[in-house]
$ cat start-v3.txt   # compact mmCIF, C-alpha atoms and all ligand atoms
# COMPACT_ATOMS: atom_id res chain seq x y z
CA MET A 165 -8.63 4.82 27.66
CA SER A 166 -9.47 1.19 27.04
CA SER A 167 -6.98 -0.72 24.98
CA LYS A 168 -9.71 -1.16 22.38
CA ALA A 169 -9.98 2.58 21.87
CA ARG A 170 -6.30 2.79 21.03
CA ILE A 171 -6.71 2.03 17.41
CA GLY A 172 -3.03 2.31 16.58
CA LEU A 173 -1.96 -0.32 19.02
CA LEU A 174 -4.39 -2.83 17.63
CA GLY A 175 -4.51 -4.43 14.29
CA PRO A 176 -3.90 -5.79 11.83
CA PHE A 177 -6.93 -4.72 9.85
CA PRO A 178 -7.34 -6.65 6.64
CA MET A 179 -9.00 -5.46 3.46
CA ASN A 180 -12.55 -6.79 3.08
CA GLY A 181 -12.35 -10.42 2.04
CA GLY A 182 -14.57 -12.62 -0.14
CA ASP A 183 -16.05 -11.49 -3.44
CA GLY A 184 -19.13 -9.61 -2.24
CA THR A 185 -20.21 -6.04 -3.01
CA HIS A 186 -17.82 -4.54 -0.46
CA SER A 187 -14.88 -6.89 -1.04
CA TYR A 188 -11.38 -5.78 -1.94
CA ALA A 189 -11.51 -8.16 -4.89
CA LYS A 190 -14.38 -6.10 -6.37
CA ASN A 191 -13.07 -2.71 -5.22
CA SER A 192 -9.41 -2.45 -6.04
CA THR A 193 -9.29 -1.02 -9.55
CA LEU A 194 -7.63 2.19 -8.30
CA GLN A 195 -4.79 0.12 -6.87
CA ARG A 196 -4.72 -1.79 -10.17
CA LYS A 197 -4.24 1.49 -12.03
CA SER A 198 -1.17 2.12 -9.86
CA ALA A 199 0.19 -1.29 -10.78
CA ASP A 200 -0.67 -0.72 -14.47
CA ALA A 201 1.25 2.55 -14.43
CA VAL A 202 4.48 0.77 -13.51
CA ARG A 203 4.02 -2.64 -15.15
CA GLY A 204 6.13 -1.73 -18.18
CA LYS A 205 8.79 -0.22 -15.95
CA ILE A 206 9.06 -3.45 -13.95
CA GLY A 207 9.51 -5.39 -17.20
CA GLU A 208 12.25 -2.95 -18.23
CA ALA A 209 14.00 -3.21 -14.86
CA ILE A 210 14.04 -7.00 -15.13
CA ALA A 211 15.28 -6.88 -18.72
CA GLU A 212 18.06 -4.43 -17.90
CA LYS A 213 19.10 -5.18 -14.35
CA LEU A 214 18.19 -8.63 -13.13
CA ASP A 215 21.22 -10.79 -12.50
CA MET A 216 20.90 -14.07 -14.43
CA GLU A 217 24.26 -15.56 -13.57
CA THR A 218 23.19 -17.97 -10.87
CA LEU A 219 20.02 -18.92 -12.73
CA CYS A 220 21.78 -19.65 -16.00
CA SER A 221 23.99 -22.15 -14.26
CA GLY A 222 20.84 -24.26 -14.23
CA GLY A 223 18.53 -26.30 -12.09
CA LYS A 224 17.34 -23.50 -9.83
CA SER A 225 13.81 -22.42 -9.17
CA PHE A 226 12.95 -18.72 -9.19
CA HIS A 227 11.22 -17.39 -6.08
CA ILE A 228 8.93 -14.33 -6.22
CA ALA A 229 7.19 -12.83 -3.19
CA ASP A 230 4.41 -10.23 -3.11
CA PHE A 231 4.40 -8.39 0.23
CA GLY A 232 0.91 -7.15 1.21
CA CYS A 233 -0.85 -9.00 -1.62
CA SER A 234 -4.43 -8.84 -0.23
CA THR A 235 -6.80 -10.92 -2.38
CA GLY A 236 -6.71 -11.06 -6.18
CA PRO A 237 -6.76 -10.15 -8.93
CA ASN A 238 -4.09 -7.43 -8.67
CA THR A 239 -1.48 -9.68 -7.12
CA PHE A 240 -2.01 -12.36 -9.81
CA ILE A 241 -1.55 -9.81 -12.59
CA ALA A 242 1.65 -8.55 -10.95
CA ILE A 243 3.13 -12.02 -10.45
CA GLN A 244 2.30 -12.97 -14.04
CA ASN A 245 4.04 -9.84 -15.33
CA ILE A 246 7.16 -10.53 -13.28
CA LEU A 247 7.21 -14.18 -14.32
CA GLU A 248 6.87 -13.39 -18.03
CA SER A 249 9.56 -10.73 -17.85
CA VAL A 250 11.99 -13.06 -16.10
CA GLU A 251 11.22 -15.84 -18.54
CA ARG A 252 11.82 -13.54 -21.51
CA LYS A 253 15.17 -12.47 -20.12
CA PHE A 254 16.09 -16.06 -19.35
CA LYS A 255 15.34 -17.18 -22.90
CA THR A 256 17.59 -14.53 -24.40
CA GLN A 257 20.41 -14.79 -21.86
CA CYS A 258 20.47 -18.49 -21.18
CA PRO A 259 19.11 -20.00 -24.44
CA THR A 260 20.66 -23.37 -23.83
CA SER A 261 19.43 -23.86 -20.27
CA GLN A 262 16.04 -25.11 -19.22
CA THR A 263 13.66 -22.39 -18.02
CA PRO A 264 13.50 -22.35 -14.22
CA GLU A 265 10.41 -23.35 -12.29
CA PHE A 266 8.66 -20.47 -10.58
CA GLN A 267 7.46 -20.32 -7.00
CA ALA A 268 5.17 -17.42 -5.98
CA PHE A 269 4.73 -16.52 -2.32
CA PHE A 270 1.69 -14.46 -1.41
CA ASN A 271 2.27 -12.55 1.81
CA ASP A 272 -0.20 -10.61 3.89
CA GLN A 273 -1.32 -10.36 7.50
CA ALA A 274 -2.67 -13.64 8.89
CA SER A 275 -6.15 -12.08 9.02
CA ASN A 276 -6.13 -11.57 5.23
CA ASP A 277 -8.68 -13.67 3.34
CA PHE A 278 -6.21 -16.28 2.09
CA ASN A 279 -9.06 -18.68 1.33
CA SER A 280 -10.38 -16.30 -1.32
CA LEU A 281 -6.88 -15.76 -2.61
CA PHE A 282 -6.29 -19.49 -3.00
CA THR A 283 -9.67 -20.29 -4.56
CA THR A 284 -9.24 -17.56 -7.19
CA LEU A 285 -5.67 -18.43 -8.20
CA PRO A 286 -5.50 -18.45 -12.02
CA LEU A 287 -6.08 -22.00 -13.23
CA ASP A 288 -3.55 -21.66 -16.02
CA ARG A 289 -0.76 -20.33 -13.80
CA GLN A 290 2.77 -21.46 -14.53
CA TYR A 291 3.98 -21.20 -10.93
CA PHE A 292 3.71 -23.00 -7.62
CA ALA A 293 1.75 -20.93 -5.12
CA ALA A 294 2.09 -20.58 -1.37
CA GLY A 295 0.62 -18.20 1.20
CA VAL A 296 2.92 -16.63 3.77
CA PRO A 297 1.04 -15.13 6.72
CA GLY A 298 2.53 -12.43 8.93
CA SER A 299 3.64 -8.84 9.02
CA PHE A 300 6.22 -7.73 6.50
CA HIS A 301 7.61 -5.61 9.30
CA GLY A 302 9.73 -8.58 10.28
CA ARG A 303 11.33 -11.74 8.86
CA LEU A 304 9.12 -14.04 6.78
CA PHE A 305 11.57 -16.09 4.71
CA PRO A 306 14.88 -17.92 5.23
CA ASP A 307 18.18 -16.24 4.45
CA SER A 308 18.88 -15.62 0.75
CA SER A 309 15.81 -17.47 -0.46
CA LEU A 310 14.04 -14.87 -2.66
CA HIS A 311 15.02 -13.76 -6.16
CA PHE A 312 12.37 -11.10 -6.59
CA ALA A 313 10.53 -9.21 -3.85
CA TYR A 314 7.58 -7.01 -4.81
CA SER A 315 5.15 -4.80 -2.95
CA SER A 316 2.39 -2.58 -4.34
CA THR A 317 0.26 -0.05 -2.44
CA ALA A 318 0.96 -1.71 0.89
CA LEU A 319 4.07 -0.13 2.42
CA HIS A 320 2.28 3.14 3.17
CA TRP A 321 0.44 1.18 5.91
CA LEU A 322 2.26 1.77 9.17
CA SER A 323 2.75 -0.99 11.73
CA LYS A 324 0.84 1.19 14.21
CA VAL A 325 -0.31 4.73 14.87
CA PRO A 326 2.51 6.72 16.50
CA GLU A 327 1.67 6.63 20.21
CA GLU A 328 2.14 10.35 20.87
CA LEU A 329 -0.87 11.11 18.65
CA LEU A 330 -3.07 9.57 21.33
CA ASP A 331 -1.47 11.32 24.29
CA LYS A 332 -3.49 14.36 25.38
CA ASN A 333 -0.37 15.89 26.92
CA SER A 334 1.80 15.50 23.87
CA PRO A 335 2.35 18.34 21.36
CA SER A 336 1.52 15.71 18.75
CA PHE A 337 -1.95 14.97 20.15
CA ASN A 338 -4.11 14.75 17.03
CA LYS A 339 -7.27 16.35 18.32
CA GLY A 340 -10.30 16.35 16.05
CA ARG A 341 -8.29 14.85 13.22
CA ILE A 342 -7.87 11.35 11.82
CA TYR A 343 -4.78 11.94 9.68
CA TYR A 344 -1.98 14.44 9.15
CA THR A 345 -3.26 16.45 6.18
CA ASN A 346 -4.64 19.46 8.03
CA THR A 347 -2.93 19.38 11.35
CA LEU A 348 0.15 20.32 13.36
CA ASP A 349 3.68 19.82 12.01
CA LYS A 350 4.42 17.75 15.10
CA VAL A 351 1.80 15.26 14.00
CA VAL A 352 3.35 15.02 10.54
CA ASP A 353 6.75 14.47 12.20
CA ALA A 354 5.36 11.66 14.35
CA TYR A 355 3.92 9.95 11.26
CA SER A 356 7.13 10.41 9.32
CA SER A 357 9.31 8.92 12.06
CA GLN A 358 6.99 5.93 12.42
CA PHE A 359 7.28 5.36 8.67
CA ALA A 360 11.08 5.57 8.95
CA LYS A 361 11.15 2.96 11.74
CA ASP A 362 8.85 0.65 9.79
CA MET A 363 10.79 0.95 6.53
CA GLU A 364 14.03 0.30 8.38
CA ILE A 365 12.63 -2.98 9.69
CA PHE A 366 11.16 -3.88 6.30
CA LEU A 367 14.43 -3.22 4.45
CA ASP A 368 16.49 -5.07 7.07
CA ALA A 369 14.29 -8.15 6.77
CA ARG A 370 14.25 -8.10 2.95
CA ALA A 371 18.02 -7.58 2.86
CA LYS A 372 18.42 -10.91 4.64
CA GLU A 373 15.85 -12.72 2.52
CA VAL A 374 16.77 -11.55 -0.99
CA VAL A 375 19.74 -13.24 -2.68
CA ALA A 376 22.71 -11.19 -3.86
CA GLY A 377 21.72 -9.73 -7.23
CA GLY A 378 18.02 -10.25 -6.48
CA MET A 379 15.51 -7.42 -6.84
CA LEU A 380 13.17 -5.52 -4.57
CA VAL A 381 10.50 -3.46 -6.36
CA MET A 382 8.19 -1.20 -4.37
CA THR A 383 5.27 0.95 -5.44
CA MET A 384 3.29 3.07 -3.01
CA PRO A 385 1.52 6.42 -2.77
CA GLY A 386 4.11 9.20 -2.56
CA GLN A 387 4.22 12.81 -1.55
CA PRO A 388 5.43 15.33 -4.14
CA ASN A 389 7.75 18.01 -2.75
CA GLY A 390 6.32 21.42 -2.03
CA ILE A 391 2.70 20.35 -2.30
CA PRO A 392 0.53 20.46 0.80
CA HIS A 393 -0.56 17.02 1.99
CA CYS A 394 -4.18 18.07 1.65
CA GLN A 395 -3.74 18.61 -2.10
CA THR A 396 -2.76 15.10 -3.04
CA GLY A 397 -5.46 12.71 -4.22
CA LEU A 398 -5.08 10.50 -1.16
CA GLY A 399 -4.95 13.50 1.19
CA MET A 400 -8.13 14.94 -0.26
CA SER A 401 -9.94 11.62 -0.14
CA ILE A 402 -9.11 11.25 3.54
CA ASP A 403 -10.05 14.85 4.29
CA TYR A 404 -13.56 14.14 3.04
CA LEU A 405 -13.72 11.14 5.33
CA GLU A 406 -12.53 13.24 8.26
CA SER A 407 -15.15 15.82 7.47
CA CYS A 408 -17.87 13.11 7.52
CA PHE A 409 -16.69 12.05 10.98
CA LEU A 410 -16.83 15.65 12.17
CA ASP A 411 -20.37 16.06 10.78
CA MET A 412 -21.35 12.97 12.74
CA VAL A 413 -19.81 14.44 15.90
CA ASN A 414 -21.83 17.63 15.36
CA GLU A 415 -25.00 15.60 14.98
CA GLY A 416 -24.25 13.67 18.18
CA ILE A 417 -23.91 10.31 16.40
CA ILE A 418 -20.34 9.72 17.56
CA SER A 419 -18.33 11.39 20.31
CA GLU A 420 -15.51 13.84 19.75
CA ALA A 421 -13.26 11.71 21.97
CA LYS A 422 -13.72 8.78 19.56
CA VAL A 423 -12.45 10.91 16.68
CA ASP A 424 -9.57 12.18 18.82
CA SER A 425 -8.44 8.63 19.55
CA PHE A 426 -8.79 7.47 15.95
CA ASN A 427 -5.91 8.01 13.52
CA LEU A 428 -5.23 6.30 10.23
CA PRO A 429 -1.97 4.35 10.23
CA MET A 430 -0.87 5.42 6.75
CA TYR A 431 1.88 7.64 5.45
CA SER A 432 2.96 8.85 2.00
CA ALA A 433 6.71 9.53 1.91
CA THR A 434 8.59 11.86 -0.41
CA LEU A 435 11.19 10.50 -2.79
CA GLU A 436 13.93 12.09 -0.66
CA GLU A 437 12.71 10.42 2.53
CA MET A 438 12.65 7.09 0.76
CA LYS A 439 16.11 7.48 -0.74
CA GLU A 440 17.55 8.38 2.63
CA LEU A 441 16.06 5.30 4.27
CA ILE A 442 17.42 3.05 1.52
CA GLN A 443 20.84 4.63 1.86
CA ARG A 444 20.80 4.29 5.64
CA ASN A 445 19.99 0.58 5.28
CA GLY A 446 22.91 0.19 2.90
CA SER A 447 22.20 -3.34 1.63
CA PHE A 448 20.73 -2.43 -1.74
CA ASN A 449 21.92 -0.66 -4.85
CA VAL A 450 19.37 1.81 -6.12
CA GLU A 451 18.55 1.01 -9.74
CA LYS A 452 15.65 3.40 -10.09
CA THR A 453 13.60 5.71 -7.91
CA GLU A 454 10.92 7.99 -9.23
CA LEU A 455 7.75 9.73 -8.39
CA THR A 456 5.58 8.84 -11.35
CA MET A 457 2.54 10.81 -12.42
CA ALA A 458 3.60 13.65 -10.16
CA ASN A 459 1.38 15.87 -12.26
CA GLY A 460 -1.57 13.78 -11.23
CA GLU A 461 -2.39 12.29 -14.60
CA LEU A 462 -3.10 8.93 -13.09
CA GLN A 463 -5.48 10.28 -10.52
CA LEU A 464 -7.15 12.61 -13.00
CA GLN A 465 -7.89 9.72 -15.28
CA SER A 466 -9.17 7.70 -12.39
CA TYR A 467 -11.35 10.37 -10.91
CA SER A 468 -12.89 11.35 -14.20
CA SER A 469 -14.20 7.85 -14.67
CA TYR A 470 -14.96 7.13 -11.02
CA THR A 471 -17.98 8.48 -9.29
CA GLY A 472 -18.14 9.32 -5.61
CA ARG A 473 -19.77 5.99 -4.96
CA ILE A 474 -16.93 4.06 -6.52
CA LEU A 475 -14.32 6.00 -4.57
CA GLN A 476 -16.38 5.33 -1.49
CA MET A 477 -16.42 1.60 -2.25
CA HIS A 478 -12.63 1.56 -2.54
CA LEU A 479 -12.16 3.31 0.75
CA ARG A 480 -14.71 1.07 2.40
CA ALA A 481 -13.06 -2.12 1.13
CA GLY A 482 -9.80 -1.00 2.70
CA MET A 483 -10.95 0.66 5.92
CA GLU A 484 -14.28 -0.81 6.99
CA GLU A 485 -12.72 -3.32 9.34
CA MET A 486 -10.55 -0.73 11.08
CA ILE A 487 -13.31 1.86 11.39
CA SER A 488 -15.92 -0.56 12.68
CA LYS A 489 -13.54 -1.91 15.33
CA HIS A 490 -13.16 1.60 16.70
CA PHE A 491 -16.55 3.24 16.12
CA GLY A 492 -18.84 0.20 15.89
CA THR A 493 -20.37 -1.46 12.84
CA GLU A 494 -23.60 0.53 13.18
CA ILE A 495 -22.06 3.74 11.79
CA ILE A 496 -20.56 2.17 8.68
CA ASP A 497 -23.42 2.50 6.16
CA ASP A 498 -24.23 6.02 7.33
CA LEU A 499 -20.56 7.08 7.22
CA PHE A 500 -19.91 5.79 3.73
CA ASP A 501 -23.21 7.14 2.35
CA ARG A 502 -22.18 10.55 3.61
CA TYR A 503 -18.77 10.03 2.11
CA ALA A 504 -20.14 9.21 -1.34
CA MET A 505 -22.34 12.30 -1.26
CA LYS A 506 -19.51 14.52 -0.11
CA VAL A 507 -17.13 13.28 -2.79
CA GLU A 508 -19.76 13.77 -5.47
CA TYR A 509 -20.48 17.26 -4.20
CA PHE A 510 -16.79 18.22 -4.23
CA PHE A 511 -15.98 16.17 -7.29
CA HIS A 512 -14.94 19.26 -9.26
CA ARG A 513 -12.20 19.89 -6.68
CA LEU A 514 -10.80 16.40 -7.04
CA GLN A 515 -10.90 16.80 -10.79
CA SER A 516 -9.66 20.34 -11.11
CA SER A 517 -6.63 20.28 -8.84
CA GLU A 518 -3.53 19.92 -10.98
CA ARG A 519 -1.43 17.96 -8.57
CA LYS A 520 -3.50 15.07 -7.45
CA GLY A 521 -0.89 12.77 -6.10
CA ALA A 522 1.86 10.54 -7.07
CA LEU A 523 3.25 7.09 -6.93
CA LEU A 524 6.65 6.23 -5.53
CA PHE A 525 8.35 3.64 -7.68
CA VAL A 526 11.57 2.10 -6.43
CA VAL A 527 13.75 -0.62 -7.96
CA LEU A 528 16.54 -1.97 -5.75
CA LYS A 529 19.10 -4.69 -6.23
CA ARG A 530 20.59 -6.62 -3.33
CA LYS A 531 24.33 -5.97 -3.09
C1 LIG A 601 -4.33 -1.70 -0.55
S1 LIG A 601 -3.92 -3.36 -0.28
C2 LIG A 601 -2.93 -3.68 -1.68
C3 LIG A 601 -3.07 -5.07 -2.17
C4 LIG A 601 -2.33 -5.43 -3.45
N1 LIG A 601 -0.89 -5.35 -3.27
C5 LIG A 601 -2.76 -4.55 -4.59
O1 LIG A 601 -1.92 -3.80 -5.09
O2 LIG A 601 -3.94 -4.57 -4.94
C6 LIG A 601 -2.74 -3.29 1.04
C7 LIG A 601 -2.45 -4.65 1.66
O3 LIG A 601 -1.31 -4.54 2.50
C8 LIG A 601 -1.51 -5.39 3.61
N2 LIG A 601 -0.63 -5.01 4.70
C9 LIG A 601 -0.62 -3.85 5.39
N3 LIG A 601 0.32 -3.88 6.36
C10 LIG A 601 0.91 -5.11 6.26
C11 LIG A 601 1.95 -5.77 6.99
N4 LIG A 601 2.57 -5.14 7.99
N5 LIG A 601 2.31 -7.01 6.62
C12 LIG A 601 1.70 -7.65 5.60
N6 LIG A 601 0.70 -7.08 4.88
C13 LIG A 601 0.31 -5.83 5.21
C14 LIG A 601 -2.97 -5.20 3.94
O4 LIG A 601 -3.46 -6.25 4.75
C15 LIG A 601 -3.58 -5.16 2.54
O5 LIG A 601 -4.01 -6.41 2.12
MG MG A 602 -7.49 11.55 15.99

$ encode --input "start-v3.txt" --output "structure tokens"
Amino acid sequence: MSSKARIGLLGPFPMNGGDGTHSYAKNSTLQRKSADAVRGKIGEAIAEKLDMETLCSGGKSFHIADFGCSTGPNTFIAIQNILESVERKFKTQCPTSQTPEFQAFFNDQASNDFNSLFTTLPLDRQYFAAGVPGSFHGRLFPDSSLHFAYSSTALHWLSKVPEELLDKNSPSFNKGRIYYTNTLDKVVDAYSSQFAKDMEIFLDARAKEVVAGGMLVMTMPGQPNGIPHCQTGLGMSIDYLESCFLDMVNEGIISEAKVDSFNLPMYSATLEEMKELIQRNGSFNVEKTELTMANGELQLQSYSSYTGRILQMHLRAGMEEMISKHFGTEIIDDLFDRYAMKVEYFFHRLQSSERKGALLFVVLKRK
């Protein structure tokens, strides 16, 4: 197998840049709904738990970092919310001190469209902005230099596809599948242990970078207990994509081997998995962990107002780059047209299932 065919060992694959029809900037309202669902909770966490002691003693600037920010506007909305919440707390707790200056760091892979991010920064922002390129699966900041670390719908992206999925002789070989929703338990295990390794590295790095008393807030797609992977909103959406690939194999447009060697590097963890990883790391106190909208309210709302085409546009904005690297750009329009039709055809299933999916929401405080 050529190294190019080994999708998991390549990367990173950025979201679509710019502000065109297929850009992430124009196709990220579903992710925004996730952020909206927890915005109030982040404000509450800051009000109740953020340590103001060092800040009140004056003169310090407050450093916020968004890990996996992509392009705007979601990241700008999130930073603004954090900033306003911190400022509010500061004004009540340290009324005699001068409000700190804010520095926002926007992190994503170096291939992210930072130019678009910078040119769309809100003009009336009350913070200094800087881009920080590189994988969050590793160190990005000096020791104890961040007061607030944030990440939304990014940590479910794995650093790579687990290698055994590509090995024909492994019991985890993911034949005819692109994900772990409808496949062998061994494949699910391989995904889950890759996620564990990645989170361990992420938490280790953030533990060094976040000051004592500083916060780490993470939001990402989660897996409710006792519900098959294929019944979550994300699982279903990917299953339709997989089924489009298989239709294209049957029609001789792409080869079966290409589908075999393609696997999406994403994983939705359960709350228990996440808690265990945080505990194993040991550097953070858990202030809050929850699986919000476990009944699927969020997704139901979204799906009822989103047509197949809009869902297709979201998936395309996030996956076009990765899919075209593996299968070639020539299949992209065909693939996503099929996808839109399939989602519209099965729309009732997306709408009628009661347990669409869930969002993991975690608030940690550095010990
Ligand atoms: C779905 S977007 C979410 C963007 C934004 N946080 C939001 O909520 O709209 C996921 C982002 O995570 C980034 N990402 C994935 N893996 C990453 C890594 N290892 N290091 C840094 N960024 C990463 C991707 O490049 C992408 O921009
Ligand atoms: Mg495969």

$ residues_near_ligand --input "start-v3.txt" --ligand "ligand MG 602 (chain A)" --cutoff "10 Å" --atoms "only C-alpha atoms and all ligand atoms" --output "PyMOL selection string"
chain A and resi 171+325+329-330+337-344+406+420-428

$ closest_atom_pairs --input "start-v3.txt" --of "chain A" --to "ligand LIG 601 (chain A)" --cutoff "9 Å" --atoms "all atoms listed in the file" --output "JSON lines"
{"residue": "A:Pro176", "atom": "CA", "partner": "A:LIG601", "partner_atom": "O4", "distance": 7.1}
{"residue": "A:Phe177", "atom": "CA", "partner": "A:LIG601", "partner_atom": "O4", "distance": 6.4}
{"residue": "A:Pro178", "atom": "CA", "partner": "A:LIG601", "partner_atom": "O4", "distance": 4.3}
{"residue": "A:Met179", "atom": "CA", "partner": "A:LIG601", "partner_atom": "O5", "distance": 5.3}
{"residue": "A:Asn180", "atom": "CA", "partner": "A:LIG601", "partner_atom": "O5", "distance": 8.6}
{"residue": "A:Tyr188", "atom": "CA", "partner": "A:LIG601", "partner_atom": "S1", "distance": 8.0}
{"residue": "A:Ala189", "atom": "CA", "partner": "A:LIG601", "partner_atom": "O2", "distance": 8.4}
{"residue": "A:Ser192", "atom": "CA", "partner": "A:LIG601", "partner_atom": "O2", "distance": 6.0}
{"residue": "A:Thr193", "atom": "CA", "partner": "A:LIG601", "partner_atom": "O2", "distance": 7.9}
{"residue": "A:Leu194", "atom": "CA", "partner": "A:LIG601", "partner_atom": "O2", "distance": 8.4}
{"residue": "A:Gln195", "atom": "CA", "partner": "A:LIG601", "partner_atom": "O2", "distance": 5.1}
{"residue": "A:Arg196", "atom": "CA", "partner": "A:LIG601", "partner_atom": "O2", "distance": 6.0}
{"residue": "A:Ser198", "atom": "CA", "partner": "A:LIG601", "partner_atom": "O1", "distance": 7.6}
{"residue": "A:Ala199", "atom": "CA", "partner": "A:LIG601", "partner_atom": "O1", "distance": 6.6}
{"residue": "A:Asp230", "atom": "CA", "partner": "A:LIG601", "partner_atom": "N1", "distance": 7.2}
{"residue": "A:Phe231", "atom": "CA", "partner": "A:LIG601", "partner_atom": "C12", "distance": 6.1}
{"residue": "A:Gly232", "atom": "CA", "partner": "A:LIG601", "partner_atom": "O3", "distance": 3.7}
{"residue": "A:Cys233", "atom": "CA", "partner": "A:LIG601", "partner_atom": "N1", "distance": 4.0}
{"residue": "A:Ser234", "atom": "CA", "partner": "A:LIG601", "partner_atom": "O5", "distance": 3.4}
{"residue": "A:Thr235", "atom": "CA", "partner": "A:LIG601", "partner_atom": "C3", "distance": 6.9}
{"residue": "A:Gly236", "atom": "CA", "partner": "A:LIG601", "partner_atom": "O2", "distance": 7.2}
{"residue": "A:Pro237", "atom": "CA", "partner": "A:LIG601", "partner_atom": "O2", "distance": 7.4}
{"residue": "A:Asn238", "atom": "CA", "partner": "A:LIG601", "partner_atom": "O2", "distance": 4.7}
{"residue": "A:Thr239", "atom": "CA", "partner": "A:LIG601", "partner_atom": "C4", "distance": 5.7}
{"residue": "A:Ala242", "atom": "CA", "partner": "A:LIG601", "partner_atom": "O1", "distance": 8.3}
{"residue": "A:Asn271", "atom": "CA", "partner": "A:LIG601", "partner_atom": "C12", "distance": 6.2}
{"residue": "A:Asp272", "atom": "CA", "partner": "A:LIG601", "partner_atom": "N6", "distance": 3.8}
{"residue": "A:Gln273", "atom": "CA", "partner": "A:LIG601", "partner_atom": "C12", "distance": 4.5}
{"residue": "A:Ala274", "atom": "CA", "partner": "A:LIG601", "partner_atom": "C12", "distance": 8.1}
{"residue": "A:Ser275", "atom": "CA", "partner": "A:LIG601", "partner_atom": "O4", "distance": 7.7}
{"residue": "A:Asn276", "atom": "CA", "partner": "A:LIG601", "partner_atom": "O4", "distance": 6.0}
{"residue": "A:Asp277", "atom": "CA", "partner": "A:LIG601", "partner_atom": "O5", "distance": 8.7}
{"residue": "A:Pro297", "atom": "CA", "partner": "A:LIG601", "partner_atom": "C12", "distance": 7.6}
{"residue": "A:Gly298", "atom": "CA", "partner": "A:LIG601", "partner_atom": "C12", "distance": 5.9}
{"residue": "A:Ser299", "atom": "CA", "partner": "A:LIG601", "partner_atom": "N5", "distance": 3.3}
{"residue": "A:Phe300", "atom": "CA", "partner": "A:LIG601", "partner_atom": "N5", "distance": 4.0}
{"residue": "A:His301", "atom": "CA", "partner": "A:LIG601", "partner_atom": "N4", "distance": 5.2}
{"residue": "A:Gly302", "atom": "CA", "partner": "A:LIG601", "partner_atom": "N4", "distance": 8.3}
{"residue": "A:Tyr314", "atom": "CA", "partner": "A:LIG601", "partner_atom": "N1", "distance": 8.8}
{"residue": "A:Ser315", "atom": "CA", "partner": "A:LIG601", "partner_atom": "N1", "distance": 6.1}
{"residue": "A:Ser316", "atom": "CA", "partner": "A:LIG601", "partner_atom": "N1", "distance": 4.4}
{"residue": "A:Thr317", "atom": "CA", "partner": "A:LIG601", "partner_atom": "C2", "distance": 4.9}
{"residue": "A:Ala318", "atom": "CA", "partner": "A:LIG601", "partner_atom": "O3", "distance": 4.0}
{"residue": "A:Leu319", "atom": "CA", "partner": "A:LIG601", "partner_atom": "N3", "distance": 6.6}
{"residue": "A:His320", "atom": "CA", "partner": "A:LIG601", "partner_atom": "C9", "distance": 7.9}
{"residue": "A:Trp321", "atom": "CA", "partner": "A:LIG601", "partner_atom": "N3", "distance": 5.1}
{"residue": "A:Leu322", "atom": "CA", "partner": "A:LIG601", "partner_atom": "N3", "distance": 6.6}
{"residue": "A:Ser323", "atom": "CA", "partner": "A:LIG601", "partner_atom": "N4", "distance": 5.6}
{"residue": "A:Asp362", "atom": "CA", "partner": "A:LIG601", "partner_atom": "N4", "distance": 8.7}
{"residue": "A:Phe366", "atom": "CA", "partner": "A:LIG601", "partner_atom": "N4", "distance": 8.8}
{"residue": "A:Thr383", "atom": "CA", "partner": "A:LIG601", "partner_atom": "O1", "distance": 8.6}
{"residue": "A:Met384", "atom": "CA", "partner": "A:LIG601", "partner_atom": "O1", "distance": 8.9}
{"residue": "A:Ala481", "atom": "CA", "partner": "A:LIG601", "partner_atom": "C1", "distance": 8.9}
{"residue": "A:Gly482", "atom": "CA", "partner": "A:LIG601", "partner_atom": "C1", "distance": 6.4}

$ closest_residue --input "start-v3.txt" --among "A:Lys372, A:Arg513, A:Lys190, A:Lys255" --to "Ala313 (chain A)" --atoms "all atoms listed in the file"
A:Lys372

$ closest_residue --input "start-v3.txt" --among "A:Leu499, A:Leu523, A:Ile243, A:Leu528" --to "Tyr404 (chain A)" --atoms "all atoms listed in the file"
A:Leu499

$ closest_residue --input "start-v3.txt" --among "A:Val352, A:Leu405, A:Met486, A:Ala293" --to "Asp501 (chain A)" --atoms "all atoms listed in the file"
A:Leu405

$ residues_near_point --input "start-v3.txt" --point "(-16.2, 10.0, 7.0)" --cutoff "9 Å" --atoms "all atoms listed in the file" --output "list in words"
Ile402, Asp403, Tyr404, Leu405, Glu406, Ser407, Cys408, Phe409, Leu410, Asp411, Met412, Asp498, Leu499, Phe500, Asp501, Arg502 and Tyr503 of chain A

$ closest_residue --input "start-v3.txt" --among "A:Gly472, A:Gly378, A:Gly492, A:Pro286" --to "Phe511 (chain A)" --atoms "all atoms listed in the file"
A:Gly472

$ closest_residue --input "start-v3.txt" --among "A:Leu281, A:Leu287, A:Ile418, A:Leu455" --to "Phe269 (chain A)" --atoms "only C-alpha atoms"
A:Leu281

$ closest_residue --input "start-v3.txt" --among "A:Ile241, A:Ala522, A:Val413, A:Ala201" --to "Ser432 (chain A)" --atoms "only C-alpha atoms"
A:Ala522

$ atom_distance --input "start-v3.txt" --atom1 "CA of Asp200 (chain A)" --atom2 "CA of Leu398 (chain A)"
18.0 Å
